[in-house]
>>> print(open('structure.cif').read())   # mmCIF, C-alpha atoms and all ligand atoms
data_coords
#
loop_
_atom_site.group_PDB
_atom_site.id
_atom_site.type_symbol
_atom_site.label_atom_id
_atom_site.label_comp_id
_atom_site.auth_asym_id
_atom_site.auth_seq_id
_atom_site.Cartn_x
_atom_site.Cartn_y
_atom_site.Cartn_z
ATOM 1 C CA MET A 7 153.608 18.489 -21.843
ATOM 2 C CA ARG A 8 154.058 21.787 -23.687
ATOM 3 C CA ASN A 9 153.199 24.989 -21.901
ATOM 4 C CA LEU A 10 151.607 26.878 -24.798
ATOM 5 C CA THR A 11 150.096 30.343 -24.818
ATOM 6 C CA LEU A 12 146.660 29.943 -26.433
ATOM 7 C CA PRO A 13 143.699 32.304 -26.915
ATOM 8 C CA ASP A 14 142.011 30.798 -23.824
ATOM 9 C CA SER A 15 145.144 30.690 -21.639
ATOM 10 C CA SER A 16 144.023 33.540 -19.375
ATOM 11 C CA ALA A 17 140.431 32.284 -19.092
ATOM 12 C CA PRO A 18 138.790 32.891 -15.711
ATOM 13 C CA ARG A 19 138.294 30.361 -12.917
ATOM 14 C CA GLU A 20 135.306 29.923 -10.645
ATOM 15 C CA GLY A 21 136.543 27.813 -7.736
ATOM 16 C CA ALA A 22 138.134 24.722 -9.277
ATOM 17 C CA ARG A 23 136.220 25.183 -12.548
ATOM 18 C CA ARG A 24 138.231 26.676 -15.389
ATOM 19 C CA HIS A 25 136.303 28.396 -18.186
ATOM 20 C CA ALA A 26 137.442 28.296 -21.809
ATOM 21 C CA PRO A 27 135.405 30.745 -23.925
ATOM 22 C CA SER A 28 136.116 28.701 -27.068
ATOM 23 C CA ALA A 29 134.693 25.555 -25.435
ATOM 24 C CA ALA A 30 131.507 27.455 -24.553
ATOM 25 C CA ARG A 31 131.247 28.827 -28.114
ATOM 26 C CA ASN A 32 131.684 25.551 -29.973
ATOM 27 C CA LEU A 33 129.642 23.343 -27.636
ATOM 28 C CA ALA A 34 126.247 23.742 -29.375
ATOM 29 C CA PRO A 35 127.476 23.026 -32.929
ATOM 30 C CA ILE A 36 129.477 20.027 -31.666
ATOM 31 C CA LEU A 37 126.430 18.677 -29.814
ATOM 32 C CA ALA A 38 124.321 19.016 -32.959
ATOM 33 C CA VAL A 39 126.682 16.661 -34.803
ATOM 34 C CA LEU A 40 127.064 14.253 -31.881
ATOM 35 C CA GLN A 41 123.268 13.994 -31.734
ATOM 36 C CA ARG A 42 123.342 12.408 -35.196
ATOM 37 C CA VAL A 43 126.226 9.996 -34.752
ATOM 38 C CA LEU A 44 126.699 8.823 -31.152
ATOM 39 C CA PRO A 45 125.235 5.489 -30.040
ATOM 40 C CA GLU A 46 122.482 5.627 -27.418
ATOM 41 C CA SER A 47 124.288 3.393 -24.957
ATOM 42 C CA GLY A 48 127.727 2.038 -24.150
ATOM 43 C CA ARG A 49 131.086 3.417 -23.016
ATOM 44 C CA ALA A 50 132.408 6.778 -24.191
ATOM 45 C CA LEU A 51 135.917 8.201 -23.738
ATOM 46 C CA GLU A 52 136.848 11.835 -24.159
ATOM 47 C CA LEU A 53 140.540 12.486 -24.798
ATOM 48 C CA ALA A 54 142.014 15.848 -23.745
ATOM 49 C CA SER A 55 138.909 16.936 -21.817
ATOM 50 C CA GLY A 56 140.530 20.261 -20.861
ATOM 51 C CA THR A 57 138.314 22.288 -18.544
ATOM 52 C CA GLY A 58 135.567 19.610 -18.474
ATOM 53 C CA GLN A 59 132.935 21.978 -19.907
ATOM 54 C CA HIS A 60 132.265 19.749 -22.916
ATOM 55 C CA ILE A 61 131.980 16.395 -21.209
ATOM 56 C CA ALA A 62 129.617 17.739 -18.555
ATOM 57 C CA GLU A 63 127.143 18.652 -21.288
ATOM 58 C CA PHE A 64 127.849 15.548 -23.402
ATOM 59 C CA ALA A 65 126.951 13.401 -20.397
ATOM 60 C CA ARG A 66 123.707 15.303 -19.748
ATOM 61 C CA ARG A 67 122.647 15.044 -23.392
ATOM 62 C CA PHE A 68 123.600 11.374 -23.785
ATOM 63 C CA PRO A 69 122.504 9.784 -20.504
ATOM 64 C CA GLY A 70 122.645 6.233 -21.906
ATOM 65 C CA LEU A 71 126.404 6.505 -22.376
ATOM 66 C CA GLY A 72 128.862 6.097 -19.504
ATOM 67 C CA TRP A 73 131.437 8.873 -19.973
ATOM 68 C CA GLN A 74 135.126 8.792 -19.085
ATOM 69 C CA PRO A 75 136.934 12.157 -19.078
ATOM 70 C CA SER A 76 140.719 12.277 -19.412
ATOM 71 C CA ASP A 77 143.603 14.674 -19.925
ATOM 72 C CA ALA A 78 147.394 14.491 -19.957
ATOM 73 C CA ASN A 79 147.690 17.513 -17.698
ATOM 74 C CA PRO A 80 147.140 16.614 -14.043
ATOM 75 C CA GLU A 81 146.078 20.223 -13.385
ATOM 76 C CA ALA A 82 143.071 19.762 -15.709
ATOM 77 C CA LEU A 83 141.640 16.940 -13.626
ATOM 78 C CA ALA A 84 140.404 19.138 -10.755
ATOM 79 C CA SER A 85 138.507 21.390 -13.156
ATOM 80 C CA ILE A 86 136.952 18.415 -14.935
ATOM 81 C CA MET A 87 135.953 16.939 -11.577
ATOM 82 C CA ALA A 88 134.266 20.204 -10.598
ATOM 83 C CA TRP A 89 132.333 20.454 -13.897
ATOM 84 C CA VAL A 90 131.019 16.870 -13.746
ATOM 85 C CA GLU A 91 130.207 16.780 -10.039
ATOM 86 C CA GLY A 92 126.763 15.244 -9.472
ATOM 87 C CA ILE A 93 126.368 13.913 -13.031
ATOM 88 C CA ALA A 94 125.740 10.198 -12.538
ATOM 89 C CA ASN A 95 126.987 8.870 -15.893
ATOM 90 C CA VAL A 96 130.507 10.378 -15.695
ATOM 91 C CA ALA A 97 133.448 8.564 -14.100
ATOM 92 C CA ALA A 98 136.217 10.376 -12.221
ATOM 93 C CA PRO A 99 138.681 11.910 -14.704
ATOM 94 C CA ILE A 100 141.874 10.011 -15.422
ATOM 95 C CA ARG A 101 145.318 11.168 -16.481
ATOM 96 C CA LEU A 102 145.898 9.901 -20.013
ATOM 97 C CA ASP A 103 148.560 11.008 -22.476
ATOM 98 C CA ALA A 104 146.970 10.128 -25.807
ATOM 99 C CA CYS A 105 150.343 10.399 -27.566
ATOM 100 C CA THR A 106 151.938 7.556 -25.607
ATOM 101 C CA PRO A 107 152.102 4.338 -27.636
ATOM 102 C CA GLY A 108 150.057 1.500 -26.125
ATOM 103 C CA TRP A 109 147.452 3.418 -24.106
ATOM 104 C CA ALA A 110 144.527 1.885 -26.031
ATOM 105 C CA ARG A 111 145.231 -1.630 -24.736
ATOM 106 C CA LYS A 112 144.974 -0.521 -21.113
ATOM 107 C CA PHE A 113 141.171 -0.233 -21.331
ATOM 108 C CA GLU A 114 138.169 -2.249 -22.392
ATOM 109 C CA VAL A 115 137.079 -1.073 -25.828
ATOM 110 C CA TRP A 116 134.913 2.056 -26.170
ATOM 111 C CA ASN A 117 131.711 2.521 -28.177
ATOM 112 C CA ALA A 118 132.392 6.204 -28.719
ATOM 113 C CA MET A 119 135.381 8.512 -28.457
ATOM 114 C CA CYS A 120 135.563 12.301 -28.734
ATOM 115 C CA LEU A 121 138.547 14.583 -29.216
ATOM 116 C CA THR A 122 138.302 18.335 -29.682
ATOM 117 C CA ASN A 123 141.045 20.850 -30.289
ATOM 118 C CA LEU A 124 144.203 18.888 -29.679
ATOM 119 C CA LEU A 125 145.823 17.820 -32.962
ATOM 120 C CA HIS A 126 147.136 21.308 -33.839
ATOM 121 C CA LEU A 127 148.839 21.505 -30.428
ATOM 122 C CA ILE A 128 150.983 18.390 -30.843
ATOM 123 C CA SER A 129 153.638 17.291 -33.331
ATOM 124 C CA THR A 130 152.933 15.208 -36.414
ATOM 125 C CA ALA A 131 154.749 12.253 -34.827
ATOM 126 C CA GLU A 132 152.580 12.540 -31.700
ATOM 127 C CA ALA A 133 149.422 12.916 -33.775
ATOM 128 C CA LEU A 134 150.359 9.776 -35.689
ATOM 129 C CA VAL A 135 150.613 7.767 -32.455
ATOM 130 C CA LEU A 136 147.298 9.159 -31.220
ATOM 131 C CA LEU A 137 145.470 8.455 -34.479
ATOM 132 C CA GLN A 138 146.846 4.908 -34.605
ATOM 133 C CA GLU A 139 145.849 4.201 -31.000
ATOM 134 C CA VAL A 140 142.234 5.392 -31.377
ATOM 135 C CA PRO A 141 141.119 2.550 -33.699
ATOM 136 C CA LYS A 142 142.654 -0.026 -31.316
ATOM 137 C CA ALA A 143 140.628 1.493 -28.475
ATOM 138 C CA LEU A 144 137.284 1.325 -30.319
ATOM 139 C CA ALA A 145 134.763 -1.511 -30.284
ATOM 140 C CA ASP A 146 133.546 -2.791 -33.652
ATOM 141 C CA GLY A 147 131.073 -0.176 -34.890
ATOM 142 C CA GLY A 148 132.456 2.339 -32.377
ATOM 143 C CA VAL A 149 132.478 5.990 -33.442
ATOM 144 C CA PHE A 150 135.333 8.502 -33.236
ATOM 145 C CA CYS A 151 134.400 12.209 -33.347
ATOM 146 C CA LEU A 152 137.320 14.537 -34.041
ATOM 147 C CA TYR A 153 136.896 18.315 -34.012
ATOM 148 C CA GLY A 154 139.311 21.155 -34.601
ATOM 149 C CA PRO A 155 141.082 23.423 -37.066
ATOM 150 C CA PHE A 156 142.877 21.752 -39.993
ATOM 151 C CA ARG A 157 144.689 22.506 -43.220
ATOM 152 C CA GLN A 158 142.307 21.634 -46.022
ATOM 153 C CA GLY A 159 143.487 20.787 -49.537
ATOM 154 C CA GLY A 160 147.013 21.828 -48.588
ATOM 155 C CA VAL A 161 146.104 25.318 -47.392
ATOM 156 C CA LEU A 162 145.236 27.248 -44.257
ATOM 157 C CA VAL A 163 141.717 28.345 -45.064
ATOM 158 C CA SER A 164 141.679 31.898 -43.644
ATOM 159 C CA GLU A 165 144.012 34.652 -42.457
ATOM 160 C CA GLY A 166 142.950 33.948 -38.881
ATOM 161 C CA ASP A 167 143.920 30.301 -39.276
ATOM 162 C CA ALA A 168 147.265 31.294 -40.826
ATOM 163 C CA ARG A 169 147.948 33.630 -37.874
ATOM 164 C CA PHE A 170 146.997 30.997 -35.288
ATOM 165 C CA ASP A 171 149.078 28.301 -37.020
ATOM 166 C CA ALA A 172 152.060 30.691 -37.190
ATOM 167 C CA SER A 173 151.687 31.571 -33.494
ATOM 168 C CA LEU A 174 151.768 27.863 -32.629
ATOM 169 C CA ARG A 175 154.811 27.165 -34.810
ATOM 170 C CA ALA A 176 156.586 30.160 -33.280
ATOM 171 C CA GLN A 177 156.187 28.480 -29.876
ATOM 172 C CA ASP A 178 157.225 25.055 -31.164
ATOM 173 C CA PRO A 179 158.152 24.405 -34.817
ATOM 174 C CA ASP A 180 156.969 20.780 -34.500
ATOM 175 C CA ILE A 181 153.320 21.674 -33.839
ATOM 176 C CA GLY A 182 150.581 23.381 -35.885
ATOM 177 C CA TYR A 183 147.608 22.540 -38.078
ATOM 178 C CA LYS A 184 147.470 19.036 -39.562
ATOM 179 C CA GLU A 185 146.150 18.195 -43.035
ATOM 180 C CA ILE A 186 142.634 16.792 -42.741
ATOM 181 C CA GLU A 187 143.365 14.501 -45.704
ATOM 182 C CA TRP A 188 146.397 13.077 -43.863
ATOM 183 C CA VAL A 189 144.311 12.546 -40.701
ATOM 184 C CA GLN A 190 141.641 10.692 -42.666
ATOM 185 C CA GLY A 191 144.290 8.555 -44.367
ATOM 186 C CA VAL A 192 145.929 7.536 -41.088
ATOM 187 C CA LEU A 193 142.583 6.625 -39.505
ATOM 188 C CA CYS A 194 141.447 4.636 -42.548
ATOM 189 C CA ASP A 195 144.773 2.774 -42.770
ATOM 190 C CA ALA A 196 144.303 1.881 -39.080
ATOM 191 C CA GLY A 197 140.850 0.351 -39.617
ATOM 192 C CA LEU A 198 138.296 3.181 -39.456
ATOM 193 C CA GLU A 199 135.902 4.279 -42.184
ATOM 194 C CA VAL A 200 134.824 7.864 -42.766
ATOM 195 C CA VAL A 201 131.160 8.468 -41.935
ATOM 196 C CA ASP A 202 131.065 12.234 -42.431
ATOM 197 C CA LEU A 203 133.202 15.351 -42.626
ATOM 198 C CA VAL A 204 131.214 18.318 -41.359
ATOM 199 C CA ALA A 205 132.092 21.985 -41.901
ATOM 200 C CA MET A 206 131.738 23.737 -38.537
ATOM 201 C CA PRO A 207 131.670 27.427 -37.540
ATOM 202 C CA ALA A 208 134.946 29.395 -37.667
ATOM 203 C CA ASN A 209 136.387 27.121 -40.398
ATOM 204 C CA ASN A 210 136.693 24.161 -38.052
ATOM 205 C CA LEU A 211 135.911 20.610 -39.127
ATOM 206 C CA MET A 212 134.303 17.639 -37.431
ATOM 207 C CA LEU A 213 135.465 14.297 -38.804
ATOM 208 C CA ILE A 214 133.289 11.297 -37.933
ATOM 209 C CA THR A 215 134.824 7.860 -38.398
ATOM 210 C CA ARG A 216 133.655 4.399 -37.420
ATOM 211 C CA ARG A 217 135.479 1.159 -36.601
ATOM 212 C CA ALA A 218 134.790 -1.438 -39.263
ATOM 213 C CA PRO A 219 134.364 -5.002 -37.937
ATOM 214 C CA ARG A 220 137.769 -6.587 -37.254
HETATM 215 C C1 LIG B 1 142.989 23.408 -26.266
HETATM 216 S S1 LIG B 1 142.691 22.311 -24.969
HETATM 217 C C2 LIG B 1 141.181 21.543 -25.537
HETATM 218 C C3 LIG B 1 140.331 21.091 -24.393
HETATM 219 C C4 LIG B 1 138.927 20.615 -24.774
HETATM 220 N N1 LIG B 1 138.970 19.383 -25.530
HETATM 221 C C5 LIG B 1 138.195 21.689 -25.548
HETATM 222 O O1 LIG B 1 137.984 21.534 -26.743
HETATM 223 O O2 LIG B 1 137.859 22.701 -24.923
HETATM 224 C C6 LIG B 1 143.864 21.033 -25.203
HETATM 225 C C7 LIG B 1 143.890 20.025 -24.063
HETATM 226 O O3 LIG B 1 144.702 18.926 -24.469
HETATM 227 C C8 LIG B 1 145.431 18.475 -23.345
HETATM 228 N N2 LIG B 1 146.571 17.709 -23.872
HETATM 229 C C9 LIG B 1 147.734 18.185 -24.389
HETATM 230 N N3 LIG B 1 148.516 17.173 -24.793
HETATM 231 C C10 LIG B 1 147.822 16.033 -24.550
HETATM 232 C C11 LIG B 1 148.096 14.658 -24.734
HETATM 233 N N4 LIG B 1 149.260 14.258 -25.265
HETATM 234 N N5 LIG B 1 147.154 13.747 -24.373
HETATM 235 C C12 LIG B 1 145.994 14.144 -23.812
HETATM 236 N N6 LIG B 1 145.684 15.436 -23.578
HETATM 237 C C13 LIG B 1 146.582 16.365 -23.945
HETATM 238 C C14 LIG B 1 145.782 19.735 -22.616
HETATM 239 O O4 LIG B 1 146.146 19.483 -21.270
HETATM 240 C C15 LIG B 1 144.497 20.536 -22.766
HETATM 241 O O5 LIG B 1 143.621 20.256 -21.695
#
>>> encode(input="structure.cif", output="structure tokens")
Amino acid sequence: MRNLTLPDSSAPREGARRHAPSAARNLAPILAVLQRVLPESGRALELASGTGQHIAEFARRFPGLGWQPSDANPEALASIMAWVEGIANVAAPIRLDACTPGWARKFEVWNAMCLTNLLHLISTAEALVLLQEVPKALADGGVFCLYGPFRQGGVLVSEGDARFDASLRAQDPDIGYKEIEWVQGVLCDAGLEVVDLVAMPANNLMLITRRAPR
């Protein structure tokens, strides 16, 4: 696990709950897209749940789905647990490194999967593993919702994005923004079809893909 300095790194805590201002800011626009694309029932996995702020609200808004939070960082699990306490349709968080080959086969298949704000924080090789595992983890017709900042058409789309990407690469030259076209290509080669690519606030993107029948 990398120990990166990010805009939310010094975010406050309230007991075990960590607060990420960015997660609070982007929650409503993300929910608006999920409302259109998530199935009403089934099993849903969130990768890299972070503080747990997102999945607590996802679970409240989609009560027919059984939600599984996860994160590679064991320190995140206590915060997630605190955010989801008392919400019936969320399982206890699990430690899951989404960049480890083979993780998909350790579970029953999922009807929905969500991932927000991770791909720019890992290397291209790690992102490739993650993006190739996701389709294996999805049930036929299962939906994968991917949100974050990306290079688009070969460029960083704003000065703020260029600064953030440079600050990441200064911490680790292997990480930084991924090309959205490359991400789509990897997912499609691995058996998913693109349902939608949604422009989100602050130049972020939400890519919705679905598992075609095997
Ligand atoms: C910027 S935070 C995003 C958290 C949350 N998804 C959000 O949008 O607020 C990135 C999260 O990814 C987790 N992470 C980093 N590498 C990971 C990996 N290989 N597999 C799973 N989670 C990972 C970190 O521990 C951290 O919680």
>>> resolve_selection(input="structure.cif", expression="the PyMOL selection byres (((not hetatm)) within 7 of (chain B and resi 1))", output="ChimeraX atom specification")
/A:7,26,28-29,53-57,60,77-79,82,102-105,121-124,127-128
>>> resolve_selection(input="structure.cif", expression="the PyMOL selection byres (((chain A and resi 38-46) around 7) and not hetatm)", output="list in words")
Ala34, Pro35, Ile36, Leu37, Ser47, Phe68, Gly70, Leu71, Ala118 and Val149 of chain A
>>> closest_residue(input="structure.cif", among="A:Ala17, A:Ile186, A:Val192, A:Val115", to="Leu137 in chain A", atoms="all atoms listed in the file")
A:Val192
>>> closest_residue(input="structure.cif", among="A:Phe170, A:Tyr183, A:Phe113, A:Phe150", to="Gln74 in chain A", atoms="all atoms listed in the file")
A:Phe113
>>> closest_residue(input="structure.cif", among="A:Gln177, A:Ser76, A:Ser16, A:Asn209", to="Val96 in chain A", atoms="only C-alpha atoms")
A:Ser76
>>> closest_residue(input="structure.cif", among="A:Ala88, A:Ala94, A:Val135, A:Thr130", to="Thr106 in chain A", atoms="all atoms listed in the file")
A:Val135
>>> resolve_selection(input="structure.cif", expression="the PyMOL selection byres (((chain A and resi 202) around 8) and not hetatm)", output="number ranges by chain")
A: 200-201, 203-204, 213-215
>>> atom_distance(input="structure.cif", atom1="CA of Ile100 in chain A", atom2="CA of Pro75 in chain A")
6.5 Å
>>> axis_aligned_box(input="structure.cif", around="range 117-127 of chain A", padding_each_side="3 Å", output="JSON")
{"center_x": 140.3, "center_y": 12.0, "center_z": -31.0, "size_x": 23.1, "size_y": 25.0, "size_z": 11.7}
>>> closest_residue(input="structure.cif", among="A:Asp146, A:Ala30, A:Ala218, A:Ile86", to="Pro99 in chain A", atoms="all atoms listed in the file")
A:Ile86
>>> atom_distance(input="structure.cif", atom1="CA of Met119 in chain A", atom2="CA of Gly92 in chain A")
21.9 Å
>>> atom_distance(input="structure.cif", atom1="CA of Trp188 in chain A", atom2="CA of Leu152 in chain A")
13.5 Å
>>> residues_around(input="structure.cif", residues="Gly160 in chain A", least_positions_apart="3", cutoff="9 Å", atoms="all atoms listed in the file", output="short mmCIF file (atom, residue, chain, number, x, y, z; two decimals) with C-alpha atoms, in the coordinates of the input")
data_model
loop_
_atom_site.label_atom_id
_atom_site.label_comp_id
_atom_site.auth_asym_id
_atom_site.auth_seq_id
_atom_site.Cartn_x
_atom_site.Cartn_y
_atom_site.Cartn_z
CA ARG A 157 144.69 22.51 -43.22
CA GLU A 185 146.15 18.20 -43.04
CA ILE A 186 142.63 16.79 -42.74
CA GLU A 187 143.36 14.50 -45.70
#
>>> closest_residue(input="structure.cif", among="A:Val90, A:Ala208, A:Ala22, A:Ala143", to="Arg49 in chain A", atoms="only C-alpha atoms")
A:Ala143
